[in-house]
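**Student:** Contents of work_24.txt (compact mmCIF, C-alpha atoms) are below:
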# COMPACT_ATOMS: atom_id res chain seq x y z
CA GLY A 1 105.48 93.79 91.75
CA ALA A 2 107.31 94.88 88.63
CA MET A 3 108.95 92.30 86.37
CA SER A 4 111.40 94.57 84.56
CA THR A 5 113.14 97.94 84.74
CA LYS A 6 111.74 98.67 81.26
CA GLU A 7 108.27 100.22 81.28
CA TRP A 8 107.25 98.69 77.95
CA VAL A 9 108.06 95.19 79.21
CA ASN A 10 105.85 95.67 82.27
CA GLN A 11 103.06 97.11 80.13
CA PHE A 12 103.28 94.19 77.69
CA LEU A 13 103.18 91.65 80.50
CA GLY A 14 100.24 93.55 81.98
CA LEU A 15 98.33 92.85 78.78
CA MET A 16 98.44 89.15 79.70
CA ASP A 17 95.71 90.08 82.17
CA ASP A 18 93.54 90.90 79.15
CA VAL A 19 94.42 87.63 77.41
CA SER A 20 93.57 85.63 80.54
CA GLY A 21 90.13 87.24 80.83
CA GLY A 22 90.64 90.37 82.89
CA SER A 23 91.46 93.91 81.83
CA SER A 24 94.76 95.59 82.61
CA LEU A 25 93.09 98.99 82.25
CA MET A 26 90.12 98.34 84.53
CA TRP A 27 92.34 96.50 86.99
CA ARG A 28 94.49 99.63 87.19
CA TYR A 29 91.50 101.70 88.34
CA HIS A 30 89.69 99.11 90.44
CA HIS A 31 92.76 97.61 92.08
CA GLN A 32 95.43 100.30 92.11
CA VAL A 33 93.37 103.47 92.53
CA SER A 34 90.55 102.20 94.74
CA HIS A 35 92.06 99.27 96.64
CA HIS A 36 95.80 99.91 96.87
CA ILE A 37 95.51 103.53 97.95
CA HIS A 38 92.62 103.00 100.37
CA CYS A 39 93.15 99.41 101.50
CA ASN A 40 90.31 98.11 103.73
CA ASP A 41 88.80 101.58 104.09
CA GLU A 42 85.17 100.48 104.12
CA GLU A 43 84.01 103.74 102.51
CA VAL A 44 86.47 103.90 99.62
CA ASP A 45 88.01 100.46 98.95
CA GLU A 46 85.59 98.82 96.54
CA ASP A 47 86.96 95.39 97.43
CA VAL A 48 85.20 95.84 100.77
CA PHE A 49 81.73 96.78 99.54
CA SER A 50 81.43 95.66 95.91
CA ALA A 51 80.46 92.07 96.85
CA TYR A 52 77.67 93.29 99.13
CA PRO A 53 74.93 92.12 99.69
CA LEU A 54 76.14 88.61 98.79
CA LEU A 55 79.10 88.85 101.15
CA ARG A 56 79.71 91.01 104.21
CA PHE A 57 83.44 91.75 104.41
CA ASP A 58 83.20 94.41 107.13
CA HIS A 59 81.21 94.67 110.35
CA ARG A 60 80.15 98.22 109.44
CA LEU A 61 78.14 96.95 106.45
CA PRO A 62 74.50 96.15 107.26
CA ARG A 63 73.90 92.55 108.27
CA LEU A 64 71.37 90.38 106.44
CA TRP A 65 70.00 87.10 107.77
CA PHE A 66 71.99 84.88 105.41
CA HIS A 67 75.36 86.45 106.21
CA LYS A 68 75.71 84.15 109.20
CA PHE A 69 76.17 81.34 106.68
CA GLN A 70 78.56 83.21 104.36
CA HIS A 71 81.65 81.30 105.49
CA ILE A 72 79.94 78.22 104.04
CA TYR A 73 78.22 79.41 100.87
CA MET A 74 81.09 81.69 99.76
CA TRP A 75 82.85 78.59 98.42
CA ALA A 76 79.98 78.07 95.99
CA LEU A 77 80.33 81.67 94.78
CA TYR A 78 84.09 81.86 94.37
CA PRO A 79 84.32 79.63 91.24
CA PHE A 80 82.41 82.35 89.35
CA LEU A 81 84.61 85.27 90.45
CA GLN A 82 86.32 85.61 87.08
CA LEU A 83 82.96 86.00 85.34
CA LEU A 84 82.10 88.83 87.72
CA PHE A 85 85.38 90.53 86.89
CA GLN A 86 84.64 90.20 83.17
CA SER A 87 81.14 91.63 83.45
CA GLY A 88 82.52 94.41 85.66
CA ASP A 89 85.12 95.27 83.01
CA ILE A 90 82.47 95.59 80.31
CA ARG A 91 80.16 97.59 82.55
CA ALA A 92 83.00 99.91 83.56
CA LEU A 93 83.92 100.47 79.91
CA ILE A 94 80.34 101.47 79.10
CA ASP A 95 79.72 103.54 82.24
CA GLY A 96 83.19 105.08 82.46
CA LYS A 97 83.64 103.99 86.09
CA THR A 98 84.12 101.06 88.42
CA ASP A 99 82.31 100.79 91.76
CA GLY A 100 85.15 102.73 93.35
CA CYS A 101 86.24 105.38 90.87
CA HIS A 102 85.78 106.92 87.43
CA THR A 103 88.15 105.95 84.64
CA TYR A 104 89.44 109.49 84.25
CA GLY A 105 92.53 109.78 82.04
CA ALA A 106 92.02 106.55 80.10
CA SER A 107 92.85 107.11 76.42
CA LYS A 108 90.87 105.79 73.46
CA ASN A 109 93.62 103.27 72.74
CA GLU A 110 93.54 102.03 76.33
CA LYS A 111 89.78 101.61 76.15
CA LEU A 112 90.20 99.84 72.82
CA SER A 113 92.58 97.41 74.56
CA VAL A 114 89.66 96.27 76.73
CA VAL A 115 87.63 95.33 73.64
CA LEU A 116 90.54 93.68 71.84
CA GLY A 117 91.60 91.85 74.98
CA LYS A 118 88.14 90.38 75.46
CA ALA A 119 88.02 89.35 71.78
CA VAL A 120 91.35 87.52 72.05
CA HIS A 121 90.35 85.89 75.34
CA TYR A 122 86.97 84.65 74.12
CA THR A 123 88.56 83.38 70.91
CA LEU A 124 91.25 81.40 72.72
CA ILE A 125 89.14 80.04 75.58
CA TYR A 126 85.75 79.53 73.95
CA LEU A 127 85.64 79.94 70.14
CA ILE A 128 88.60 77.76 69.11
CA PRO A 129 87.61 74.85 71.42
CA LEU A 130 84.02 75.20 70.19
CA VAL A 131 85.04 74.96 66.53
CA THR A 132 87.62 72.20 66.97
CA CYS A 133 86.16 70.07 69.76
CA GLY A 134 82.42 70.72 69.94
CA TRP A 135 80.25 72.61 72.40
CA LYS A 136 80.32 70.05 75.23
CA THR A 137 84.11 69.93 75.41
CA ALA A 138 84.33 73.72 74.98
CA LEU A 139 81.83 74.26 77.80
CA ILE A 140 83.58 71.88 80.21
CA ALA A 141 87.03 73.26 79.39
CA GLY A 142 85.89 76.87 79.59
CA MET A 143 84.10 76.48 82.90
CA SER A 144 87.03 74.53 84.35
CA TYR A 145 89.32 77.37 83.36
CA VAL A 146 87.01 79.96 84.93
CA ALA A 147 86.54 77.99 88.14
CA THR A 148 90.25 77.29 88.61
CA GLN A 149 91.32 80.86 87.97
CA SER A 150 88.53 82.18 90.19
CA ILE A 151 89.38 79.96 93.16
CA VAL A 152 93.09 80.82 92.91
CA LEU A 153 92.25 84.54 92.80
CA ALA A 154 89.81 84.29 95.69
CA THR A 155 92.08 82.31 97.99
CA THR A 156 95.19 84.42 97.37
CA PHE A 157 93.49 87.81 97.59
CA ALA A 158 90.70 87.37 100.11
CA VAL A 159 92.80 85.81 102.88
CA SER A 160 95.35 88.64 102.73
CA HIS A 161 92.92 91.38 103.79
CA ASN A 162 90.21 89.53 105.71
CA VAL A 163 91.65 88.23 108.95
CA PRO A 164 91.05 89.88 112.35
CA GLU A 165 94.42 91.67 112.42
CA THR A 166 93.65 93.55 109.19
CA LYS A 167 90.16 94.80 110.08
CA GLY A 168 88.32 96.98 112.51
CA GLY A 169 85.95 95.38 114.99
CA THR A 170 84.13 95.50 118.29
CA PRO A 171 86.01 96.00 120.53
CA GLN A 172 88.08 98.19 118.25
CA THR A 173 91.33 96.75 116.91
CA PHE A 174 94.70 98.40 116.30
CA THR A 175 93.88 98.46 112.59
CA GLY A 176 90.42 99.85 113.30
CA HIS A 177 91.91 102.79 115.18
CA ARG A 178 94.17 103.55 112.20
CA LEU A 179 91.26 103.37 109.75
CA ALA A 180 89.22 105.66 112.02
CA GLU A 181 91.76 108.43 111.54
CA ASP A 182 90.93 111.22 109.10
CA ARG A 183 92.23 110.42 105.61
CA SER A 184 94.07 113.75 105.46
CA GLU A 185 96.09 112.73 108.53
CA ARG A 186 96.26 108.94 108.14
CA ASP A 187 99.72 107.51 107.40
CA TRP A 188 99.48 105.69 104.06
CA GLY A 189 102.37 103.32 104.81
CA ILE A 190 100.97 102.28 108.17
CA GLN A 191 97.56 101.71 106.59
CA GLN A 192 99.07 99.36 103.99
CA LEU A 193 100.97 97.53 106.72
CA VAL A 194 98.15 96.93 109.17
CA THR A 195 95.41 96.14 106.63
CA SER A 196 97.38 93.36 104.94
CA ALA A 197 98.59 89.92 106.02
CA ASN A 198 101.34 87.68 104.66
CA TRP A 199 101.48 83.94 104.34
CA GLY A 200 104.21 81.58 103.20
CA GLY A 201 107.70 82.49 102.05
CA VAL A 202 109.95 82.16 99.01
CA PHE A 203 108.07 79.27 97.34
CA GLY A 204 104.68 80.95 97.82
CA CYS A 205 106.16 84.18 96.47
CA PHE A 206 107.34 82.44 93.31
CA MET A 207 104.01 80.65 92.75
CA THR A 208 101.82 83.74 93.33
CA GLY A 209 104.01 86.49 91.91
CA GLY A 210 104.50 87.96 95.37
CA LEU A 211 100.81 88.12 96.26
CA ASN A 212 101.34 85.94 99.32
CA LEU A 213 103.58 88.68 100.76
CA GLN A 214 100.73 91.15 100.55
CA ILE A 215 102.25 93.71 102.92
CA GLU A 216 105.31 94.17 100.72
CA HIS A 217 103.12 93.96 97.60
CA HIS A 218 101.21 96.99 98.90
CA LEU A 219 104.21 98.94 100.15
CA PHE A 220 106.51 98.31 97.16
CA PRO A 221 104.35 97.59 94.08
CA ALA A 222 107.03 98.84 91.65
CA ILE A 223 109.76 96.52 92.96
CA SER A 224 110.23 93.03 91.53
CA PHE A 225 108.36 90.53 93.67
CA MET A 226 111.45 88.32 93.76
CA HIS A 227 112.88 90.78 96.31
CA TYR A 228 109.83 90.58 98.60
CA PRO A 229 111.09 87.72 100.82
CA ALA A 230 114.22 89.71 101.70
CA ILE A 231 112.32 92.98 102.07
CA SER A 232 109.71 91.34 104.32
CA LYS A 233 112.34 90.65 106.98
CA ILE A 234 113.29 94.33 107.06
CA VAL A 235 109.67 95.52 107.14
CA GLU A 236 108.78 93.12 109.96
CA ASP A 237 111.77 94.21 112.01
CA GLU A 238 111.00 97.91 111.52
CA ALA A 239 107.33 97.36 112.34
CA LYS A 240 108.17 95.65 115.62
CA LYS A 241 110.55 98.47 116.56
CA ARG A 242 107.69 100.93 116.15
CA GLY A 243 105.07 98.85 117.92
CA LEU A 244 103.08 98.21 114.73
CA VAL A 245 101.17 95.04 113.94
CA TYR A 246 102.82 92.85 111.29
CA ALA A 247 100.48 89.97 110.45
CA SER A 248 102.29 86.97 109.00
CA TYR A 249 101.43 83.28 108.75
CA PRO A 250 103.83 80.46 107.85
CA ARG A 251 101.58 78.80 105.24
CA LEU A 252 98.33 79.25 103.32
CA SER A 253 96.93 76.39 105.40
CA THR A 254 97.47 78.44 108.58
CA ILE A 255 95.93 81.71 107.40
CA MET A 256 92.94 80.01 105.73
CA PRO A 257 91.25 78.93 109.00
CA ARG A 258 91.67 82.49 110.33
CA TYR A 259 90.02 83.81 107.17
CA ILE A 260 87.11 81.38 107.43
CA LYS A 261 86.63 82.22 111.11
CA PHE A 262 86.69 85.94 110.33
CA MET A 263 84.05 85.53 107.62
CA ARG A 264 81.89 83.57 110.06
CA ASP A 265 82.30 86.13 112.84
CA VAL A 266 81.79 89.22 110.69
CA GLY A 267 78.72 87.60 109.14
CA ARG A 268 77.22 87.31 112.62
CA ALA A 269 78.44 90.64 114.05
CA GLU A 270 75.81 93.13 115.19
CA ASP A 271 75.02 96.11 113.00
CA VAL A 272 76.93 99.31 113.69
CA PRO A 273 74.75 102.46 113.99
CA VAL A 274 75.32 105.05 111.26
CA ALA A 275 76.26 107.58 113.93
CA GLU A 276 79.13 105.27 114.95
CA GLY A 277 80.44 104.60 111.45
CA GLY A 278 77.97 102.04 110.14
CA VAL A 279 76.40 102.31 106.70
CA THR A 280 73.07 101.46 105.12
CA ALA A 281 72.33 99.49 101.97
CA GLU A 282 71.25 102.75 100.32
CA MET A 283 74.61 104.35 101.08
CA ILE A 284 76.44 101.38 99.56
CA GLN A 285 74.33 101.53 96.42
CA GLN A 286 75.04 105.23 96.03
CA ARG A 287 78.77 104.51 96.19
CA LYS A 288 78.44 101.92 93.45
CA ASP A 289 76.25 104.17 91.30
CA ASP A 290 78.45 107.26 91.58
CA GLY A 291 81.94 105.78 91.92
CA VAL A 292 82.67 106.60 95.55
CA LEU A 293 85.93 108.50 95.01
CA SER A 294 84.07 111.04 92.88
CA ILE A 295 81.66 111.98 95.71
CA LEU A 296 84.19 112.40 98.52
Here is the file; what I need is its structure written in the form of structure tokens.
**Tutor:**
Amino acid sequence: GAMSTKEWVNQFLGLMDDVSGGSSLMWRYHHQVSHHIHCNDEEVDEDVFSAYPLLRFDHRLPRLWFHKFQHIYMWALYPFLQLLFQSGDIRALIDGKTDGCHTYGASKNEKLSVVLGKAVHYTLIYLIPLVTCGWKTALIAGMSYVATQSIVLATTFAVSHNVPETKGGTPQTFTGHRLAEDRSERDWGIQQLVTSANWGGVFGCFMTGGLNLQIEHHLFPAISFMHYPAISKIVEDEAKKRGLVYASYPRLSTIMPRYIKFMRDVGRAEDVPVAEGGVTAEMIQQRKDDGVLSIL
């Protein structure tokens, strides 16, 4: 959510993503254009298919033999998530696209911010410790930083969109029926509601910047996250009045087992035929190569 009513303040704070190792520009395309608009749409949301074949986040993706163990080995992959984001930023800058969309509209100055941001980040996290403390200390400190940031990102993001209530399945779920609707007719607000799950309350909201209240984060991204706890009560009440699923868990410790179970179950789920909405590895690769939003 927004931090200020002043645009320049929000933009400045967004640049802290660059300082911490990400890219505010590439995040805007990858996260806001691909993920936020098309949340959990297996064909368009790159968060669903970009980790494939290492991880199978949707039963419509083709199953490989090792996916049945993904709920175990994913914990060995997550500490390196930040490095994948960094390499993805650089690749997107060179190619002019993320896995989900092209970086149309990005100015030269915005693209320059990616380069400058990486330079500042690598200087702060790696170069200065290397010069002042030696390579061993710099390596340990740098990898500890990467692992900690990666695990926090993985646990706060992944659990919010990968529990049974937020996905399609066999038999088909309420969310699956909504995602099966044609995009020209699908209700955007309902899609954000049913493909996201909340956990925790006010304290979790403060510690994660509102990411624990993922439903409200998706519905009201321009509102300060400090209002999310109050807004969540209204959204939940309105959802129940309309017979819509509102997935909410009291703590991270309660949603985490559901997430792990989902990853185990989806890793073992049978393949879905292409005629029934399944996809092949070749189709996934084409999406990554072309930037899927550009070919729809």
**Student:** Quick one: residues within 6 Å of segment 262-268 of chain A, all atoms listed in the file counted, chain neighbours fewer than 3 positions away excluded, as an MDAnalysis selection string?
**Tutor:** chainID A and resid 59 67:68 71 163 259
**Student:** Can you pull out every residue within 9 Å of His31 of chain A, counting only C-alpha atoms, but drop anything in the same chain fewer than 5 positions away, and send it as number ranges by chain?
**Tutor:** A: 26, 36-37, 45-47
**Student:** Just checking: using all atoms listed in the file, which residue out of A:Pro62, A:Val44, A:Met16, A:Ser184 ends up closest to Val279 of chain A?
**Tutor:**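 So, comparing all the options, the nearest one is A:Pro62.
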**Student:** With distances taken over all atoms listed in the file, which residue among A:Lys136, A:His30, A:Lys240, A:Arg178 lies nearest Thr98 of chain A?
**Tutor:**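 Smallest separation from Thr98 of chain A among the options: A:His30.
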**Student:** So that I can see what lies close to segment 224-234 of chain A, please list as a list in words the residues with an atom at most 8 Å from it, counting all atoms listed in the file and leaving out residues fewer than 2 positions away in the same chain.
**Tutor:**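 Those residues are Gly1, Ala2, Met3, Ser4, Gly201, Val202, Cys205, Phe206, Gly209, Gly210, Leu213, Ile215, Glu216, His217, Pro221, Ala222, Glu236, Asp237 and Glu238 of chain A.
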**Student:** Could you tell me, as a VMD selection string, which residues have any atom at most 12 Å from (86.7, 93.5, 72.4), counting only C-alpha atoms?
**Tutor:** chain A and resid 18 to 19 21 to 23 86 89 to 90 93 109 to 123
**Student:** Pick out the closest residue to Ala197 of chain A from this set: A:Thr103, A:Ser160, A:Gln286, A:Ser253. Count all atoms listed in the file.
**Tutor:**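 Among the listed residues, A:Ser160 lies closest to Ala197 of chain A.
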**Student:** Mind giving me the straight-line distance from atom CA of Trp75 of chain A to atom CA of Phe157 of chain A in Å, one decimal?
**Tutor:** 14.1 Å
**Student:** Quick one: of A:Ala247, A:Phe66, A:Leu153, A:His38, who's nearest to Phe85 of chain A, counting all atoms listed in the file?
**Tutor:**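 Closest to Phe85 of chain A of all the choices is A:Leu153.
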**Student:** Of the candidates A:Leu25, A:Val274, A:Leu81, A:Leu61, which one gets nearest to Thr148 of chain A if we count all atoms listed in the file?
**Tutor:**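 Answer, going by the shortest atom-to-atom distance: A:Leu81.
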**Student:** With a distance cut-off of 10 Å and all atoms listed in the file, select the neighbouring residues of Leu54 of chain A, excluding the residue or stretch itself and same-chain residues fewer than 4 positions from it, and output the selection as a ChimeraX atom specification.
**Tutor:** /A:49-50,64,66-67,70,73-74,77
**Student:** Restricting the output to C-alpha atoms, write the selected residues as an mmCIF file, keeping the file's coordinate frame.
**Tutor:**
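Once everything was written out, this is result_1.cif:
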data_model
loop_
_atom_site.group_PDB
_atom_site.id
_atom_site.type_symbol
_atom_site.label_atom_id
_atom_site.label_comp_id
_atom_site.auth_asym_id
_atom_site.auth_seq_id
_atom_site.Cartn_x
_atom_site.Cartn_y
_atom_site.Cartn_z
ATOM 1 C CA PHE A 49 81.730 96.780 99.540
ATOM 2 C CA SER A 50 81.430 95.660 95.910
ATOM 3 C CA LEU A 64 71.370 90.380 106.440
ATOM 4 C CA PHE A 66 71.990 84.880 105.410
ATOM 5 C CA HIS A 67 75.360 86.450 106.210
ATOM 6 C CA GLN A 70 78.560 83.210 104.360
ATOM 7 C CA TYR A 73 78.220 79.410 100.870
ATOM 8 C CA MET A 74 81.090 81.690 99.760
ATOM 9 C CA LEU A 77 80.330 81.670 94.780
#
**Student:** Report, in Å to a single decimal, how far apart atom CA of Ala76 of chain A and atom CA of Pro164 of chain A are.
**Tutor:** 23.0 Å
**Student:** Of the candidates A:Arg287, A:Lys241, A:His218, A:Lys6, which one gets nearest to Cys39 of chain A if we count only C-alpha atoms?
**Tutor:**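 Closest to Cys39 of chain A, using only C-alpha atoms: A:His218.
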**Student:** Residues within 9 Å of (94.3, 82.9, 99.7), file coordinates, counting all atoms listed in the file: what are they? Give the list as a PyMOL selection string.
**Tutor:** chain A and resi 151-160+199+212+252+255-256+259
**Student:** Please measure the separation of atom CA of Asp289 of chain A and atom CA of Ala51 of chain A, giving the value in Å to one decimal.
**Tutor:**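 Result for atom CA of Asp289 of chain A versus atom CA of Ala51 of chain A: 14.0 Å, one decimal.
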**Student:** Can you fill out segment 77-98 of chain A with N, CA and C atoms and hand it back as an mmCIF file, in the frame of the given file?
**Tutor:**
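Okay, out31.cif is ready:
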data_model
loop_
_atom_site.group_PDB
_atom_site.id
_atom_site.type_symbol
_atom_site.label_atom_id
_atom_site.label_comp_id
_atom_site.auth_asym_id
_atom_site.auth_seq_id
_atom_site.Cartn_x
_atom_site.Cartn_y
_atom_site.Cartn_z
ATOM 1 N N LEU A 77 80.286 80.450 95.586
ATOM 2 C CA LEU A 77 80.330 81.670 94.780
ATOM 3 C C LEU A 77 81.689 81.892 94.131
ATOM 4 N N TYR A 78 82.746 81.542 94.833
ATOM 5 C CA TYR A 78 84.090 81.860 94.370
ATOM 6 C C TYR A 78 84.444 81.304 92.985
ATOM 7 N N PRO A 79 83.967 80.120 92.589
ATOM 8 C CA PRO A 79 84.320 79.630 91.240
ATOM 9 C C PRO A 79 83.843 80.519 90.102
ATOM 10 N N PHE A 80 82.947 81.467 90.393
ATOM 11 C CA PHE A 80 82.410 82.350 89.350
ATOM 12 C C PHE A 80 83.010 83.758 89.421
ATOM 13 N N LEU A 81 84.035 83.934 90.242
ATOM 14 C CA LEU A 81 84.610 85.270 90.450
ATOM 15 C C LEU A 81 85.124 85.880 89.155
ATOM 16 N N GLN A 82 85.758 85.083 88.319
ATOM 17 C CA GLN A 82 86.320 85.610 87.080
ATOM 18 C C GLN A 82 85.236 86.159 86.157
ATOM 19 N N LEU A 83 84.074 85.515 86.152
ATOM 20 C CA LEU A 83 82.960 86.000 85.340
ATOM 21 C C LEU A 83 82.470 87.354 85.843
ATOM 22 N N LEU A 84 82.489 87.538 87.156
ATOM 23 C CA LEU A 84 82.100 88.830 87.720
ATOM 24 C C LEU A 84 83.082 89.913 87.329
ATOM 25 N N PHE A 85 84.368 89.568 87.328
ATOM 26 C CA PHE A 85 85.380 90.530 86.890
ATOM 27 C C PHE A 85 85.148 90.919 85.425
ATOM 28 N N GLN A 86 84.842 89.920 84.591
ATOM 29 C CA GLN A 86 84.640 90.200 83.170
ATOM 30 C C GLN A 86 83.428 91.093 82.940
ATOM 31 N N SER A 87 82.335 90.793 83.604
ATOM 32 C CA SER A 87 81.140 91.630 83.450
ATOM 33 C C SER A 87 81.388 93.031 84.006
ATOM 34 N N GLY A 88 82.182 93.106 85.093
ATOM 35 C CA GLY A 88 82.520 94.410 85.660
ATOM 36 C C GLY A 88 83.375 95.232 84.716
ATOM 37 N N ASP A 89 84.288 94.565 83.995
ATOM 38 C CA ASP A 89 85.120 95.270 83.010
ATOM 39 C C ASP A 89 84.270 95.890 81.915
ATOM 40 N N ILE A 90 83.327 95.115 81.404
ATOM 41 C CA ILE A 90 82.470 95.590 80.310
ATOM 42 C C ILE A 90 81.571 96.720 80.799
ATOM 43 N N ARG A 91 81.019 96.551 81.996
ATOM 44 C CA ARG A 91 80.160 97.590 82.550
ATOM 45 C C ARG A 91 80.940 98.878 82.802
ATOM 46 N N ALA A 92 82.167 98.741 83.305
ATOM 47 C CA ALA A 92 83.000 99.910 83.560
ATOM 48 C C ALA A 92 83.375 100.628 82.275
ATOM 49 N N LEU A 93 83.602 99.866 81.205
ATOM 50 C CA LEU A 93 83.920 100.470 79.910
ATOM 51 C C LEU A 93 82.745 101.290 79.394
ATOM 52 N N ILE A 94 81.549 100.771 79.576
ATOM 53 C CA ILE A 94 80.340 101.470 79.100
ATOM 54 C C ILE A 94 80.024 102.670 79.980
ATOM 55 N N ASP A 95 80.102 102.485 81.307
ATOM 56 C CA ASP A 95 79.720 103.540 82.240
ATOM 57 C C ASP A 95 80.833 104.555 82.504
ATOM 58 N N GLY A 96 82.067 104.189 82.193
ATOM 59 C CA GLY A 96 83.190 105.080 82.460
ATOM 60 C C GLY A 96 83.587 105.113 83.924
ATOM 61 N N LYS A 97 83.277 104.036 84.670
ATOM 62 C CA LYS A 97 83.640 103.990 86.090
ATOM 63 C C LYS A 97 83.519 102.563 86.603
ATOM 64 N N THR A 98 84.290 102.293 87.650
ATOM 65 C CA THR A 98 84.120 101.060 88.420
ATOM 66 C C THR A 98 83.263 101.420 89.630
#
